[in-house]
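Below is one structure; the comments refer to it alone.
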Amino acid sequence: MSAKVRIRRDIETMSAYTPTTSLEVFAERLGMAPGDLIKLDANENPFGPSPRVIEALAKLSNMHVYPDPESGRLRELLADYTGVPAAQILCGAGADELIELILQLFIEPGDCIVNTPPTFAMYGFDAPLYHGRVIDVYRRADFSLDLDAIEATVLQRKAKLVFLCSPNNPSGNLIEASEIRRLLELPATIVVDEAYIEFAGRDGLSGWVGEYPNLIILRTLSKWAGLAGLRVGYGLFPPALMPHLWKIKQPYNVNVAADVAAQASLEDVDFLLERVRTLVEQRQRLQVAFAELPFLSPYPSRANFVLNRVGGMTAAAFRDRLARAGIIVRYYDKPRLRDHIRISAGTPAQVDRLLEALREIAGG
């Protein structure tokens with residue numbers, strides 16, 4: 001780096017986040033056609049969006065005009081869906097943008113957040129970008145929270161934020177309501193990421209937002225509504241935070257295509273939730289099948305994926321064998337996740353093909 005070009009020193013030395021790769025890149029890497037691959041590595045909805053979304057996007061005529069900076073109609077539909085007043089809802093370009101907004105709102109240089117790995121990587125990745133210090137309080141072997149350690153860390157380090165994911169990514173387990181109520185007694189704001197709540201068979205915590213001034217709920221339309229490529233998320237916030245969030249939000253953060261697609265999805269909820277039920281059935285099917293294989297040990301999941309510990313071979317070798325069969329899964333090699341693989345629920349036909357490939361691996 002030239003002495004005249006002085007970027008932040010912490011960014012110059014930090015490691016980059018590694019996202020999943022696109023289907024086209026995978027296909028080129030494996031020497032296959034994209035249509036021959038099954039992508040089960042990013043917890044996307046393989047059914048795609050509602051047909052109403054395709055119809056609405058085909059009629060989109062105002063791409064030359066900036067979107068509604070307040071996403072007013074979308075927030076009204078989200079209020080109907082969640083039971084939370086529109087005045088307490090903020091939309092973003094995926095829940096990722098809302099994580100950044102929360103950090104901008106709360107963190108001053110040197111402030112701490114509590115992270116609970118293994119969990120969604122963006123909490124710990126984003127905080128240093130906003131000059132926050134990340135204190136990792138690792139989950140137990142079964143991926144449950146170490147509540148005593150979280151409480152001690154918040155009190156000792158004066159942490160402003162605690163980030164929780166429920167169902168947790170990548171383990172799939174839910175946090176018990178009693179545990180979250182206990183943490184809400186702390187002098188910190190608790191951020192609960194419910195990206196996968198539609199798959200959990202539970203309504204989630206949206207009804208709590210009016211009860212606790214230190215609770216934030218994050219959600220997304222990427223998973224259950226099949227809009228991962230359009231990036232639409234939303235947050236449910238205490239009323240006192242909303243004026244300040246409006247100050248710092250980018251004015252046109254949800255583009256017109258994403259806004260229209262999200263509205264069309266929320267006008268077809270029953271159809272989309274039927275697809276969710278199908279994916280839950282396929283997740284349950286995967287859990288049963290994985291448990292019968294000698295080289296996979298699945299963890300219970302309430303999301304649209306199953307995490308497995310791999311035995312008898314390395315997880316990297318297992319991933320590569322599935323890749324040669326045209327099936328892409330998520331491989332982990334980090335603390336508490338050594339030799340682990342996460343596999344998303346697919347369509348029934350995709351699961352058929354996955355299980356066939358697994359039987360071939362089991363047969364040698």
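Ligands are numbered from 1 in the order shown, residues from 1 within each chain, and chains are lettered A, B, ... in the order they appear in the structure tokens.
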Per-residue nearest contacts range 128-236 of chain A to range 277-288 of chain A, cut-off 10 Å, using only C-alpha atoms, as CSV:
residue,atom,partner,partner_atom,distance
A:Glu198,CA,A:Arg277,CA,9.2
A:Phe199,CA,A:Val280,CA,6.3
A:Ala200,CA,A:Val280,CA,8.4
A:Gly201,CA,A:Val280,CA,9.1
A:Trp224,CA,A:Leu279,CA,9.3
Sorted by chain and rising residue number, which residues of range 189-258 of chain A lie within 9 Å of range 93-96 of chain A, and what are their closest atom pairs and distances in Å to one decimal, counting only C-alpha atoms, as JSON lines?
{"residue": "A:Asp193", "atom": "CA", "partner": "A:Ala95", "partner_atom": "CA", "distance": 8.4}
{"residue": "A:Ala195", "atom": "CA", "partner": "A:Ala95", "partner_atom": "CA", "distance": 8.1}
{"residue": "A:Leu218", "atom": "CA", "partner": "A:Ala95", "partner_atom": "CA", "distance": 6.4}
{"residue": "A:Arg219", "atom": "CA", "partner": "A:Ala95", "partner_atom": "CA", "distance": 6.3}
{"residue": "A:Thr220", "atom": "CA", "partner": "A:Ala95", "partner_atom": "CA", "distance": 5.9}
{"residue": "A:Leu221", "atom": "CA", "partner": "A:Gly94", "partner_atom": "CA", "distance": 7.9}
{"residue": "A:Ser222", "atom": "CA", "partner": "A:Gly94", "partner_atom": "CA", "distance": 7.5}
{"residue": "A:Ala228", "atom": "CA", "partner": "A:Gly94", "partner_atom": "CA", "distance": 8.1}
{"residue": "A:Leu230", "atom": "CA", "partner": "A:Ala93", "partner_atom": "CA", "distance": 8.0}
{"residue": "A:Arg231", "atom": "CA", "partner": "A:Gly94", "partner_atom": "CA", "distance": 4.4}
{"residue": "A:Val232", "atom": "CA", "partner": "A:Gly94", "partner_atom": "CA", "distance": 4.3}
{"residue": "A:Gly233", "atom": "CA", "partner": "A:Gly94", "partner_atom": "CA", "distance": 4.0}
{"residue": "A:Tyr234", "atom": "CA", "partner": "A:Ala95", "partner_atom": "CA", "distance": 6.1}
{"residue": "A:Gly235", "atom": "CA", "partner": "A:Ala95", "partner_atom": "CA", "distance": 7.5}
{"residue": "A:Asn253", "atom": "CA", "partner": "A:Ala93", "partner_atom": "CA", "distance": 6.1}
{"residue": "A:Val254", "atom": "CA", "partner": "A:Ala93", "partner_atom": "CA", "distance": 5.5}
{"residue": "A:Asn255", "atom": "CA", "partner": "A:Ala93", "partner_atom": "CA", "distance": 8.1}
{"residue": "A:Ala258", "atom": "CA", "partner": "A:Ala93", "partner_atom": "CA", "distance": 8.4}
Q: Enumerate as a PyMOL selection string all residues of range 53-261 of chain A assigned to strand (DSSP E or B) by DSSP on the backbone, naming them with the chain letters and numbers the document uses.
A: chain A and resi 89-92+112-115+133-136+161-165+189-193+215-220+233-236
Q) If you count only C-alpha atoms, which residues fall within 6 Å of Asp339 in chain A, apart from same-chain ones fewer than 3 positions away, as a list in words? A) Val310, Thr314 and Ala315 of chain A
(Q) Excluding range 12-17 of chain A and its own-chain neighbours fewer than 5 positions away, which residues fall within 12 Å of it when counting only C-alpha atoms? Please give them as JSON, numbers by chain. (A) {"A": [1, 5, 6, 7, 120, 121, 122, 123, 124, 125, 126, 128, 129]}
**Q.** Best match for closeness to Gly326 in chain A among A:Leu354, A:Val154, A:Ser344, A:Glu108, counting only C-alpha atoms
**A.**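 The answer is A:Leu354, which sits nearest to Gly326 in chain A.
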Q | Point-to-point distance in Å for CA of Ile327 in chain A and CA of Ala357 in chain A | A |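 Going from CA of Ala357 in chain A over to CA of Ile327 in chain A covers 8.6 Å.
Neighbours of Glu44 in chain A closer than or equal to 10 Å, with only C-alpha atoms counted and sequence neighbours fewer than 3 positions away skipped, come out as A:Lys39, A:Leu40, A:Asp41, A:Phe47, A:Gly48, A:Ser222, A:Lys223, A:Trp224, A:Ala225, A:Gly226, A:Leu227, A:Ala228, A:Gly229, A:Asn304, A:Phe305, A:Ser344, A:Ala345, A:Gly346.
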Q. Which is closest to Arg29 in chain A among A:Gln88, A:Pro335, A:Asn62, A:Ala323, if we use only C-alpha atoms?
A.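 Answer, going by the shortest atom-to-atom distance: A:Ala323.
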Q: Tell me, as a VMD selection string, which residues lie within 9 Å of range 246-249 of chain A, counting only C-alpha atoms; anything in the same chain fewer than 5 positions away does not count.
A: chain A and resid 70 90 92 98 101 104 to 105 241
Give me a file of those residues, with C-alpha atoms, as an mmCIF file, in the first residue's frame.
data_model
loop_
_atom_site.group_PDB
_atom_site.id
_atom_site.type_symbol
_atom_site.label_atom_id
_atom_site.label_comp_id
_atom_site.auth_asym_id
_atom_site.auth_seq_id
_atom_site.Cartn_x
_atom_site.Cartn_y
_atom_site.Cartn_z
ATOM 1 C CA GLU A 70 -40.095 4.863 3.859
ATOM 2 C CA LEU A 90 -37.875 -0.564 9.401
ATOM 3 C CA GLY A 92 -33.590 -2.880 4.747
ATOM 4 C CA LEU A 98 -30.208 -3.681 9.604
ATOM 5 C CA LEU A 101 -27.710 0.164 11.208
ATOM 6 C CA GLN A 104 -24.122 2.477 13.797
ATOM 7 C CA LEU A 105 -26.848 3.494 16.221
ATOM 8 C CA LEU A 241 -35.328 3.841 18.646
#
(Q) For a quick check of understanding, using only C-alpha atoms, which of A:Val351, A:Ala303, A:Leu205, A:Val276 has the smallest distance to Leu174 in chain A? (A) A:Ala303
Q.
With DSSP run on the backbone, what are the helix (DSSP H, G or I) residues within range 32-240 of chain A? I'd like them as a PyMOL selection string.
A. chain A and resi 34-36+51-58+72-82+86-88+94-106+122-130+147-157+177-183+197-199+206-208+239-240
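Across A:Ala349, A:Leu37, A:Ala159, A:Ala141, the tightest approach to Arg336 in chain A is made by A:Ala141 when counting only C-alpha atoms.
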Q. Ile102 in chain A: which residues within 10 Å, counting only C-alpha atoms, same-chain residues fewer than 5 positions away excluded, as number ranges by chain?
A. A: 97, 107, 127, 161, 191, 216, 235, 241, 245, 248
Would you mind exporting all heavy atoms of the selected residues as a PDB file, in the first residue's frame?
ATOM      1  N   GLU A  97     -28.241  -5.290   6.291  1.00  0.00           N
ATOM      2  CA  GLU A  97     -28.181  -3.839   6.405  1.00  0.00           C
ATOM      3  C   GLU A  97     -28.674  -3.383   7.772  1.00  0.00           C
ATOM      4  O   GLU A  97     -28.138  -2.426   8.351  1.00  0.00           O
ATOM      5  CB  GLU A  97     -29.010  -3.171   5.311  1.00  0.00           C
ATOM      6  CG  GLU A  97     -28.917  -1.648   5.391  1.00  0.00           C
ATOM      7  CD  GLU A  97     -29.872  -0.910   4.486  1.00  0.00           C
ATOM      8  OE1 GLU A  97     -30.853  -1.519   4.013  1.00  0.00           O
ATOM      9  OE2 GLU A  97     -29.655   0.302   4.275  1.00  0.00           O
ATOM     10  N   ILE A 107     -22.996   1.745  18.715  1.00  0.00           N
ATOM     11  CA  ILE A 107     -21.591   1.538  19.046  1.00  0.00           C
ATOM     12  C   ILE A 107     -20.767   2.802  18.868  1.00  0.00           C
ATOM     13  O   ILE A 107     -20.730   3.406  17.784  1.00  0.00           O
ATOM     14  CB  ILE A 107     -21.009   0.392  18.192  1.00  0.00           C
ATOM     15  CG1 ILE A 107     -21.748  -0.912  18.481  1.00  0.00           C
ATOM     16  CG2 ILE A 107     -19.516   0.231  18.452  1.00  0.00           C
ATOM     17  CD1 ILE A 107     -21.708  -1.360  19.922  1.00  0.00           C
ATOM     18  N   ALA A 127     -19.210  -5.807  13.445  1.00  0.00           N
ATOM     19  CA  ALA A 127     -18.969  -4.942  14.596  1.00  0.00           C
ATOM     20  C   ALA A 127     -17.634  -4.192  14.520  1.00  0.00           C
ATOM     21  O   ALA A 127     -17.597  -2.976  14.776  1.00  0.00           O
ATOM     22  CB  ALA A 127     -19.071  -5.739  15.889  1.00  0.00           C
ATOM     23  N   LEU A 161     -24.749  -4.470  23.288  1.00  0.00           N
ATOM     24  CA  LEU A 161     -25.586  -5.308  22.438  1.00  0.00           C
ATOM     25  C   LEU A 161     -25.261  -6.771  22.646  1.00  0.00           C
ATOM     26  O   LEU A 161     -24.090  -7.139  22.806  1.00  0.00           O
ATOM     27  CB  LEU A 161     -25.378  -4.970  20.956  1.00  0.00           C
ATOM     28  CG  LEU A 161     -25.743  -3.554  20.497  1.00  0.00           C
ATOM     29  CD1 LEU A 161     -25.188  -3.297  19.095  1.00  0.00           C
ATOM     30  CD2 LEU A 161     -27.261  -3.356  20.504  1.00  0.00           C
ATOM     31  N   VAL A 191     -30.617  -8.330  20.568  1.00  0.00           N
ATOM     32  CA  VAL A 191     -31.011  -8.400  19.158  1.00  0.00           C
ATOM     33  C   VAL A 191     -31.224  -9.868  18.816  1.00  0.00           C
ATOM     34  O   VAL A 191     -30.281 -10.661  18.867  1.00  0.00           O
ATOM     35  CB  VAL A 191     -29.939  -7.789  18.242  1.00  0.00           C
ATOM     36  CG1 VAL A 191     -30.418  -7.815  16.785  1.00  0.00           C
ATOM     37  CG2 VAL A 191     -29.594  -6.366  18.678  1.00  0.00           C
ATOM     38  N   ILE A 216     -34.861  -6.041  20.079  1.00  0.00           N
ATOM     39  CA  ILE A 216     -34.954  -5.821  18.637  1.00  0.00           C
ATOM     40  C   ILE A 216     -35.087  -7.191  17.968  1.00  0.00           C
ATOM     41  O   ILE A 216     -34.353  -8.121  18.303  1.00  0.00           O
ATOM     42  CB  ILE A 216     -33.708  -5.095  18.091  1.00  0.00           C
ATOM     43  CG1 ILE A 216     -33.607  -3.678  18.670  1.00  0.00           C
ATOM     44  CG2 ILE A 216     -33.720  -5.049  16.565  1.00  0.00           C
ATOM     45  CD1 ILE A 216     -32.289  -2.978  18.351  1.00  0.00           C
ATOM     46  N   GLY A 235     -36.770  -5.021  10.417  1.00  0.00           N
ATOM     47  CA  GLY A 235     -36.567  -5.080  11.856  1.00  0.00           C
ATOM     48  C   GLY A 235     -37.788  -4.582  12.592  1.00  0.00           C
ATOM     49  O   GLY A 235     -38.500  -3.683  12.112  1.00  0.00           O
ATOM     50  N   LEU A 241     -36.470   3.901  19.561  1.00  0.00           N
ATOM     51  CA  LEU A 241     -35.328   3.841  18.646  1.00  0.00           C
ATOM     52  C   LEU A 241     -35.666   4.343  17.248  1.00  0.00           C
ATOM     53  O   LEU A 241     -34.758   4.725  16.490  1.00  0.00           O
ATOM     54  CB  LEU A 241     -34.808   2.403  18.547  1.00  0.00           C
ATOM     55  CG  LEU A 241     -34.232   1.783  19.805  1.00  0.00           C
ATOM     56  CD1 LEU A 241     -33.677   0.390  19.501  1.00  0.00           C
ATOM     57  CD2 LEU A 241     -33.139   2.667  20.406  1.00  0.00           C
ATOM     58  N   LEU A 245     -33.209   5.729  14.065  1.00  0.00           N
ATOM     59  CA  LEU A 245     -32.947   4.874  12.907  1.00  0.00           C
ATOM     60  C   LEU A 245     -33.281   5.598  11.604  1.00  0.00           C
ATOM     61  O   LEU A 245     -32.554   5.483  10.616  1.00  0.00           O
ATOM     62  CB  LEU A 245     -33.753   3.586  13.024  1.00  0.00           C
ATOM     63  CG  LEU A 245     -33.258   2.598  14.080  1.00  0.00           C
ATOM     64  CD1 LEU A 245     -34.340   1.585  14.415  1.00  0.00           C
ATOM     65  CD2 LEU A 245     -31.991   1.883  13.602  1.00  0.00           C
ATOM     66  N   ILE A 248     -30.404   7.761  10.287  1.00  0.00           N
ATOM     67  CA  ILE A 248     -29.166   7.198   9.743  1.00  0.00           C
ATOM     68  C   ILE A 248     -29.393   6.228   8.586  1.00  0.00           C
ATOM     69  O   ILE A 248     -28.437   5.842   7.916  1.00  0.00           O
ATOM     70  CB  ILE A 248     -28.362   6.486  10.852  1.00  0.00           C
ATOM     71  CG1 ILE A 248     -29.146   5.309  11.447  1.00  0.00           C
ATOM     72  CG2 ILE A 248     -27.949   7.473  11.923  1.00  0.00           C
ATOM     73  CD1 ILE A 248     -28.348   4.510  12.467  1.00  0.00           C
TER      74      ILE A 248
END
(Q) I'd like to know which of A:Gly204, A:Pro298, A:Pro243, A:Pro251 is closest to Ser171 in chain A, using only C-alpha atoms. (A) A:Pro298
